Structure formats: structure tokens, C-alpha cells
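A.B. asks: Pasting a structure below so you can have a look.
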Amino acid sequence: TVAGTNFQSSTKRVRTMATAIEPAMKDSFSRYAEYLNDLNDKRDRVVKASRDVTMNSKKVIFQVHRMSKYNKVEVLEKAEKDLVAVTDQYMSRLVKELQGTDFWKLRRAYSPGIQEYVEAATFCGFCKNGTLLKLDEINKTLLPLSDPSLQPLQINILDYLLGVADLTGELMRLAIGMISDGELEFAEKICTFARDIYRELTLVVPHMDDSSDMKTKMDIMLQSVMKIENERICLRFSIYNFCSKFVIFVFLIFYVACFSVHVRGSEYIPLLGSNDTSSFLVGVPDIEI
């Protein structure tokens with residue numbers, strides 16, 4: 001009887017505790033569900049904004065590739081205006097979505113767009129100034145887009161380095177185009193710049209956290225640098241062959257000319273009465289008509 005009474009009292013206490021805890025758990029799960037739903041919605045918006053940044057940053061890169069020695073200033077001015085438009089119209093949407101939040105949680109959603117934006121900005125910067133645009137300089141352009149009362153979105157060092165790694169691919173395409181147009185000095189400058197980027201990153205990457213993306217891009221970067229080097233070597237070899245053939249051609253023309261002079265000289269017949277001792281007509285008077 002005592003055991004039964006204790007069991008009943010324990011059951012009543014459990015039921016009372018469950019009745020008291022149930023509303024609190026429902027409220028907690030409701031808040032968690034709302035948070036996850038909002039986070040998923042934000043991720044979808046961030047992915048869409050990142051795709052827009054990627055697409056329009058590629059247009060900036062395509063614009064830079066239209067550059068030649070005849071229209072460099074005009075093309076770069078147009079590319080800079082397009083880059084400002086990408087910043088104001090598309091990067092601003094990304095900043096508004098991520099400012100004031102733990103934006104690192106959504107890094108996988110917006111990282112591709114940031115990398116493409118860094119690639120476009122550094123590509124324009126190199127073609128205009130011949131130097132690499134720094135991370136601080138890019139982040140300064142994003143500060144005016146943020147609400148001063150909230151934590152601003154800042155590009156992290158990994159996304160910056162991934163974008164710079166992609167830059168070497170565009171430099172390779174630009175160098176090959178410059179070589180085709182005869183811009184050998186600019187192509188040499190591009191080759192040196194791409195080689196310097198690869199050399200510096202080989203010193204940094206081993207000290208970074210394990211990143212498969214960075215390792216893959218380092219392999220692609222090496223291939224780009226080697227292609228530029230090969231094009232440069234092929235160009236030098238072609239110039240050497242051309243110069244060699246030209247020298248041989250000039251030598252042959254000179255030799256043929258000298259040979260012709262020698263042969264024609266041996267066929268020379270002096271005039272009658274000439275004092276040339278080698279002539280068989282020595283002493284023969286001139287014929288008067």
C-alpha cells in the first residue's frame with residue numbers, strides 16, 4: 001500500500017513537471033524553428049546576390065580583355081565605371097544582407113561572388129597601375145555601403161587570396177593576347193607579375209589552414225604561369241629564327257651580288273687601243289670610222 005502510494009505521488013509529480021515544461025519547450029523550439037527558417041531564407045538571398053556579383057564581375061573582366069595598345073585608356077575607364085556599378089548595385093545588396101550578423105556562418109554562400117569581385121578589382125588595378133590592389137583598399141570601398149551602427153561586411157584574407165589566385169588565369173589570357181598584338185614589353189611585365197604572385201603564395205599557403213580550394217587553385221596558377229613562360233619562350237625562339245633567317249637571306253643576296261660582279265667583271269673587254277696590260281688587244285690602234 002505504501003509502495004503504491006509512493007508510485008502514484010511520483011507519477012503526479014512527473015505529470016506536473018511535464019505540464020510545466022511543455023510550454024517552455026514549445027516556445028524554445030518555436031524560436032529555433034523561426035531562427036533556422038530566417039537563416040535559410042537569408043542564405044537563399046545571399047546566394048542570389050552572390051551570383052549577381054559573380055556574373056557582373058565577369059563582365060568587368062571581359063571588358064578589360066578588350067584592351068589593346070590603341071584603346072587602353074578608353075577600355076579601362078569603361079571597366080572602372082562598370083566595377084563601381086557592381087559595387088553600388090550588387091555588392092551593396094550582399095552587404096545589407098550580411099552586415100551586423102555572423103556573416104562567417106554564410107561564407108560558403110557568398111564566397112564565390114566575393115572571389116570573382118576581388119579578381120575583377122585586382123585585374124583592373126593591375127592593368128591601370130601595374131600593381132596588386134590590396135585587401136585593405138578593397139574593404140575601404142565597401143565601408144560606405146554599410147550602416148555605421150552595425151558591424152560592416154569585410155572581405156576575409158582567404159577569399160582575397162582565392163581571388164588573387166584566379167587573377168593569374170586572366171593574366172595568362174591577357175599576356176597571350178598582348179603577345180599576339182606585338183605588345184611584348186607589356187606581356188613581359190604581366191609574366192613577371194604573375195610569377196611574383198605565385199612565388200609569394202607558395203610561401204604563404206603552407207602556413208594556412210588546410211584548404212582544398214587553395215591547393216587546387218595553386219596547381220591551376222602554376223599552369224597559368226607556365227603557359228605565359230612558354231609563350232614568351234616561343235616568341236623569343238620565333239624572333240631568333242626570324243632574325244637568323246633574315247641574316248642568312250641578306251648574306252645570300254650579298255654573296256650573289258658579289259658573285260655576279262665577279263663573273264661580269266671577267267667578261268669585260270677593253271676598248272681598242274686600251275693600255276690594259278691584260279688585254280689581248282694591246283697595241284692595236286683604235287679604228288676610225
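Following the order of the C-alpha cells, chains are lettered A, B, ..., residues in each are numbered from 1, and ligands are numbered from 1.
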Write out as a list in words the residues lying within 9 Å of A:Ser146, counting only C-alpha atoms and excluding same-chain residues fewer than 4 positions away.
C.D. replies: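 Near neighbours after the sequence-gap exclusion: Ser92, Val95, Lys96, Gln99, Leu142, Leu150, Gln151, Pro152 and Leu153 of chain A.
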A.B. asks: Quote the spacing between atom CA of A:Met221 and atom CA of A:Glu80 in Å to one decimal place.
C.D. replies: 25.2 Å
A.B. asks: Rank nothing, just name the residue among A:Thr131, A:Ser68, A:Lys58, A:Phe103 nearest to A:Glu119, using only C-alpha atoms.
C.D. replies: A:Lys58
A.B. asks: Quick one: pull the distance between atom CA of A:Glu137 and atom CA of A:Ala85, Å, one decimal.
C.D. replies: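 Distance between the two atoms: 17.1 Å.
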A.B. asks: At a cut-off of 12 Å, can you tabulate as a Markdown table every residue of stretch 48-121 of chain A near stretch 158-176 of chain A together with its closest atom pair and the distance in Å to one decimal, using only C-alpha atoms and ordering rows by chain then number?
C.D. replies:
| residue | atom | partner | partner_atom | distance |
| --- | --- | --- | --- | --- |
| A:Thr54 | CA | A:Gly163 | CA | 11.5 |
| A:Ser57 | CA | A:Gly163 | CA | 11.7 |
| A:Lys58 | CA | A:Glu170 | CA | 10.7 |
| A:Val60 | CA | A:Glu170 | CA | 11.8 |
| A:Ile61 | CA | A:Glu170 | CA | 8.0 |
| A:Phe62 | CA | A:Glu170 | CA | 9.6 |
| A:Gln63 | CA | A:Leu174 | CA | 11.7 |
| A:Val64 | CA | A:Leu174 | CA | 8.9 |
| A:His65 | CA | A:Leu174 | CA | 6.5 |
| A:Arg66 | CA | A:Leu174 | CA | 9.4 |
| A:Met67 | CA | A:Leu174 | CA | 8.9 |
| A:Ser68 | CA | A:Leu174 | CA | 9.9 |
| A:Trp104 | CA | A:Asp159 | CA | 11.5 |
| A:Arg107 | CA | A:Asp159 | CA | 9.3 |
| A:Arg108 | CA | A:Asp159 | CA | 10.3 |
| A:Tyr110 | CA | A:Asp159 | CA | 9.9 |
| A:Ser111 | CA | A:Asp159 | CA | 6.5 |
| A:Pro112 | CA | A:Asp159 | CA | 8.3 |
| A:Gly113 | CA | A:Asp159 | CA | 9.6 |
| A:Ile114 | CA | A:Asp159 | CA | 6.7 |
| A:Gln115 | CA | A:Gly163 | CA | 4.3 |
| A:Glu116 | CA | A:Gly163 | CA | 6.2 |
| A:Tyr117 | CA | A:Gly163 | CA | 7.6 |
| A:Val118 | CA | A:Gly163 | CA | 5.3 |
| A:Glu119 | CA | A:Gly163 | CA | 4.9 |
| A:Ala120 | CA | A:Leu167 | CA | 7.9 |
| A:Ala121 | CA | A:Gly163 | CA | 9.5 |
A.B. asks: Using 12 Å as the limit and counting only C-alpha atoms, can you tabulate each residue of stretch 41-129 of chain A that touches stretch 182-194 of chain A, with its shortest atom-to-atom distance in Å and the two atoms involved, as CSV?
C.D. replies:
residue,atom,partner,partner_atom,distance
A:Met67,CA,A:Glu183,CA,11.4
A:Ser68,CA,A:Glu183,CA,8.6
A:Lys69,CA,A:Glu183,CA,7.5
A:Tyr70,CA,A:Glu183,CA,11.0
A:Lys72,CA,A:Phe186,CA,12.0
A:Phe123,CA,A:Ile190,CA,11.0
A:Phe126,CA,A:Ile190,CA,9.0
A:Cys127,CA,A:Ile190,CA,9.2
A:Lys128,CA,A:Phe186,CA,11.9
A:Asn129,CA,A:Lys189,CA,11.8
A.B. asks: Write to file, as a PDB file, in the first residue's frame, the residues of the selection just made, with N, CA, C and O atoms.
C.D. replies:
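The resulting file, part-v6.pdb, is reproduced below:
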ATOM      1  N   MET A  67      41.021  45.392 -74.203  1.00  0.00           N
ATOM      2  CA  MET A  67      42.080  46.395 -74.236  1.00  0.00           C
ATOM      3  C   MET A  67      43.132  46.059 -75.287  1.00  0.00           C
ATOM      4  O   MET A  67      43.508  44.907 -75.461  1.00  0.00           O
ATOM      5  N   SER A  68      43.608  47.078 -75.968  1.00  0.00           N
ATOM      6  CA  SER A  68      44.726  46.960 -76.903  1.00  0.00           C
ATOM      7  C   SER A  68      45.566  48.229 -76.775  1.00  0.00           C
ATOM      8  O   SER A  68      45.233  49.136 -76.010  1.00  0.00           O
ATOM      9  N   LYS A  69      46.645  48.296 -77.523  1.00  0.00           N
ATOM     10  CA  LYS A  69      47.516  49.466 -77.431  1.00  0.00           C
ATOM     11  C   LYS A  69      46.866  50.714 -78.017  1.00  0.00           C
ATOM     12  O   LYS A  69      47.359  51.825 -77.772  1.00  0.00           O
ATOM     13  N   TYR A  70      45.768  50.532 -78.737  1.00  0.00           N
ATOM     14  CA  TYR A  70      45.113  51.677 -79.356  1.00  0.00           C
ATOM     15  C   TYR A  70      43.969  52.240 -78.507  1.00  0.00           C
ATOM     16  O   TYR A  70      43.577  53.395 -78.686  1.00  0.00           O
ATOM     17  N   LYS A  72      43.549  51.563 -74.844  1.00  0.00           N
ATOM     18  CA  LYS A  72      43.758  51.169 -73.449  1.00  0.00           C
ATOM     19  C   LYS A  72      43.043  52.099 -72.485  1.00  0.00           C
ATOM     20  O   LYS A  72      42.358  51.648 -71.556  1.00  0.00           O
ATOM     21  N   PHE A 123      42.300  42.860 -61.270  1.00  0.00           N
ATOM     22  CA  PHE A 123      42.619  42.856 -62.697  1.00  0.00           C
ATOM     23  C   PHE A 123      42.611  44.281 -63.242  1.00  0.00           C
ATOM     24  O   PHE A 123      43.531  44.695 -63.963  1.00  0.00           O
ATOM     25  N   PHE A 126      45.658  46.206 -61.779  1.00  0.00           N
ATOM     26  CA  PHE A 126      46.952  45.908 -62.395  1.00  0.00           C
ATOM     27  C   PHE A 126      47.070  46.548 -63.771  1.00  0.00           C
ATOM     28  O   PHE A 126      48.107  47.135 -64.107  1.00  0.00           O
ATOM     29  N   CYS A 127      46.032  46.427 -64.588  1.00  0.00           N
ATOM     30  CA  CYS A 127      46.092  46.980 -65.947  1.00  0.00           C
ATOM     31  C   CYS A 127      46.231  48.497 -65.937  1.00  0.00           C
ATOM     32  O   CYS A 127      46.800  49.085 -66.864  1.00  0.00           O
ATOM     33  N   LYS A 128      45.723  49.136 -64.889  1.00  0.00           N
ATOM     34  CA  LYS A 128      45.813  50.597 -64.816  1.00  0.00           C
ATOM     35  C   LYS A 128      47.110  51.055 -64.171  1.00  0.00           C
ATOM     36  O   LYS A 128      47.789  51.957 -64.680  1.00  0.00           O
ATOM     37  N   ASN A 129      47.482  50.453 -63.044  1.00  0.00           N
ATOM     38  CA  ASN A 129      48.617  50.936 -62.260  1.00  0.00           C
ATOM     39  C   ASN A 129      49.828  50.012 -62.278  1.00  0.00           C
ATOM     40  O   ASN A 129      50.907  50.406 -61.836  1.00  0.00           O
TER      41      ASN A 129
END
A.B. asks: Write out as a list in words the residues lying within 7 Å of stretch 41-46 of chain A, counting only C-alpha atoms and excluding same-chain residues fewer than 2 positions away.
C.D. replies: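 The residues satisfying every condition are Asn37, Asp38, Leu39, Lys48, Ala49, Ser50, Leu94, Glu97, Leu106, Ala109 and Tyr110 of chain A.
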